[in-house]
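A.B. asks: Shown below is the structure under consideration.
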Amino acid sequence: MANDVPGLRLLKVGDGWDVVRTSAEIGLLALACLRSTGDSVGPVLHDRLNGRLYYAVQTGTATRWDDLPVRLLSTDSWLVAPCPELLDYSFGEWCELPGDDTLTEAEALRAALQNPYVTAAKDEAHAGASL
């Protein structure tokens, strides 16, 4: 169905790359951490409609992250993504473009998600949700 929508592509996950999904709030903070440390960052998709960020990582490198606010998408998963040249950001946008074979290093992403600033934002979000 997504293949019929101009500017969107349906991408098969789990064949060379997996996806780590997190909330946009936490994911954008983690992205800032990754950029500040100079770690390589692969494609990062910001799904504005659902408030999520998707990081592309090497298949099998982010398997046991139950302690983090993420969900791993792998084999038998699909990702709807805009074409990199799409200028209409109503669906979402690429924070980091898929230009080559670079993927985000899973351990660097894990460290960024565990950064004190990121965990403080996560704790604050949970506290606000309980009000």
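Ordering of the structure tokens sets the chain letters (A, B, ...); residue numbers start at 1 within each chain; ligands are numbered from 1 in the order shown.
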Give me the residues near A:Asn50 as a PyMOL selection string, where near means some atom within 9 Å (using only C-alpha atoms) and where sequence neighbours in that chain fewer than 3 positions away do not count.
C.D. replies: chain A and resi 23-24+47
A.B. asks: Please identify all polymer residues within 9 Å of stretch 62-70 of chain A, counting only C-alpha atoms, omitting same-chain residues fewer than 3 positions from it, and present them as a list in words.
C.D. replies: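 The residues that qualify are Asp18, Val19, Val20, Arg21, Thr22, Ser23, Ile26, Val57, Gln58, Thr59, Ala106, Glu107, Arg110, Leu113, Gln114 and Lys122 of chain A.
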A.B. asks: Selected residues, all heavy atoms, written as a short mmCIF file (atom, residue, chain, number, x, y, z; two decimals), in the first residue's frame, please.
C.D. replies:
```cif
data_model
loop_
_atom_site.label_atom_id
_atom_site.label_comp_id
_atom_site.auth_asym_id
_atom_site.auth_seq_id
_atom_site.Cartn_x
_atom_site.Cartn_y
_atom_site.Cartn_z
N ASP A 18 18.79 -3.58 11.15
CA ASP A 18 17.60 -3.58 12.01
C ASP A 18 17.27 -2.14 12.33
O ASP A 18 18.02 -1.22 11.99
CB ASP A 18 17.88 -4.33 13.33
CG ASP A 18 17.99 -5.84 13.15
OD1 ASP A 18 17.54 -6.36 12.11
OD2 ASP A 18 18.53 -6.49 14.06
N VAL A 19 16.17 -1.94 13.02
CA VAL A 19 15.76 -0.59 13.42
C VAL A 19 15.52 -0.57 14.92
O VAL A 19 14.86 -1.45 15.47
CB VAL A 19 14.48 -0.16 12.67
CG1 VAL A 19 13.94 1.14 13.21
CG2 VAL A 19 14.76 -0.04 11.18
N VAL A 20 16.06 0.44 15.57
CA VAL A 20 15.78 0.71 16.97
C VAL A 20 14.82 1.89 16.99
O VAL A 20 15.15 2.98 16.52
CB VAL A 20 17.07 1.02 17.77
CG1 VAL A 20 16.72 1.41 19.20
CG2 VAL A 20 18.00 -0.18 17.76
N ARG A 21 13.62 1.66 17.54
CA ARG A 21 12.59 2.70 17.59
C ARG A 21 12.49 3.22 19.02
O ARG A 21 12.48 2.46 19.98
CB ARG A 21 11.24 2.13 17.17
CG ARG A 21 10.13 3.19 17.16
CD ARG A 21 8.82 2.58 16.77
NE ARG A 21 8.24 1.92 17.93
CZ ARG A 21 7.18 1.13 17.88
NH1 ARG A 21 6.60 0.86 16.74
NH2 ARG A 21 6.70 0.59 18.98
N THR A 22 12.40 4.54 19.15
CA THR A 22 12.21 5.18 20.44
C THR A 22 11.33 6.41 20.27
O THR A 22 11.04 6.80 19.14
CB THR A 22 13.58 5.54 21.09
OG1 THR A 22 13.37 5.97 22.43
CG2 THR A 22 14.31 6.61 20.30
N SER A 23 10.92 7.00 21.36
CA SER A 23 10.12 8.22 21.25
C SER A 23 11.00 9.31 20.64
O SER A 23 12.23 9.31 20.80
CB SER A 23 9.62 8.66 22.62
OG SER A 23 10.69 9.16 23.41
N ILE A 26 13.11 11.33 23.33
CA ILE A 26 14.32 10.65 23.79
C ILE A 26 15.29 10.44 22.62
O ILE A 26 16.50 10.64 22.76
CB ILE A 26 13.95 9.31 24.45
CG1 ILE A 26 13.22 9.59 25.77
CG2 ILE A 26 15.18 8.44 24.68
CD1 ILE A 26 12.58 8.38 26.39
N VAL A 57 20.57 0.16 12.59
CA VAL A 57 21.76 -0.48 13.19
C VAL A 57 21.99 -1.81 12.49
O VAL A 57 21.09 -2.35 11.85
CB VAL A 57 21.59 -0.69 14.71
CG1 VAL A 57 21.42 0.64 15.44
CG2 VAL A 57 20.44 -1.63 15.03
N GLN A 58 23.20 -2.35 12.65
CA GLN A 58 23.50 -3.64 12.03
C GLN A 58 22.63 -4.73 12.63
O GLN A 58 22.39 -4.76 13.85
CB GLN A 58 24.98 -3.98 12.23
CG GLN A 58 25.38 -5.24 11.52
CD GLN A 58 26.87 -5.52 11.66
OE1 GLN A 58 27.60 -4.78 12.27
NE2 GLN A 58 27.29 -6.62 11.07
N THR A 59 22.15 -5.63 11.80
CA THR A 59 21.30 -6.73 12.24
C THR A 59 21.96 -7.51 13.37
O THR A 59 23.14 -7.85 13.30
CB THR A 59 21.01 -7.68 11.06
OG1 THR A 59 20.32 -6.95 10.06
CG2 THR A 59 20.14 -8.85 11.49
N ALA A 106 25.54 0.19 17.39
CA ALA A 106 24.55 -0.13 18.42
C ALA A 106 25.03 0.24 19.82
O ALA A 106 24.27 0.79 20.61
CB ALA A 106 24.19 -1.61 18.35
N GLU A 107 26.28 -0.04 20.14
CA GLU A 107 26.78 0.28 21.48
C GLU A 107 26.88 1.78 21.71
O GLU A 107 26.63 2.26 22.82
CB GLU A 107 28.11 -0.42 21.74
CG GLU A 107 27.96 -1.91 21.97
CD GLU A 107 26.94 -2.25 23.08
OE1 GLU A 107 27.01 -1.67 24.18
OE2 GLU A 107 26.08 -3.10 22.83
N ARG A 110 23.33 2.82 22.38
CA ARG A 110 22.97 2.41 23.75
C ARG A 110 23.56 3.39 24.78
O ARG A 110 22.87 3.82 25.70
CB ARG A 110 23.47 0.99 24.02
CG ARG A 110 23.08 0.49 25.40
CD ARG A 110 23.57 -0.96 25.60
NE ARG A 110 23.21 -1.44 26.90
CZ ARG A 110 22.01 -1.91 27.25
NH1 ARG A 110 21.05 -1.96 26.36
NH2 ARG A 110 21.77 -2.33 28.47
N LEU A 113 21.60 6.60 24.71
CA LEU A 113 20.30 6.45 25.36
C LEU A 113 20.43 6.38 26.88
O LEU A 113 19.48 6.66 27.60
CB LEU A 113 19.58 5.20 24.83
CG LEU A 113 19.08 5.28 23.39
CD1 LEU A 113 18.73 3.91 22.86
CD2 LEU A 113 17.90 6.23 23.29
N GLN A 114 21.61 6.00 27.37
CA GLN A 114 21.85 5.93 28.81
C GLN A 114 22.51 7.20 29.35
O GLN A 114 22.76 7.29 30.55
CB GLN A 114 22.73 4.72 29.13
CG GLN A 114 22.02 3.41 28.89
CD GLN A 114 22.93 2.21 29.06
OE1 GLN A 114 24.10 2.24 28.71
NE2 GLN A 114 22.37 1.14 29.61
N LYS A 122 13.63 11.02 30.06
CA LYS A 122 12.74 9.86 30.13
C LYS A 122 12.01 9.83 31.47
O LYS A 122 10.80 9.63 31.54
CB LYS A 122 13.55 8.57 29.95
CG LYS A 122 12.72 7.30 30.06
CD LYS A 122 13.58 6.07 30.05
CE LYS A 122 14.25 5.97 31.39
NZ LYS A 122 14.87 4.73 31.75
#
```
A.B. asks: Per DSSP on the backbone, what are the alpha helix (DSSP H) residues of chain A, as a PyMOL selection string?
C.D. replies: chain A and resi 24-37+106-113+116-129
A.B. asks: Smallest atom-to-atom distance to A:Glu96: which of A:Val41, A:Leu10, A:Leu72, A:Cys33, using only C-alpha atoms?
C.D. replies: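 Checking each of A:Val41, A:Leu10, A:Leu72, A:Cys33 against A:Glu96, counting only C-alpha atoms, the winner is A:Val41.
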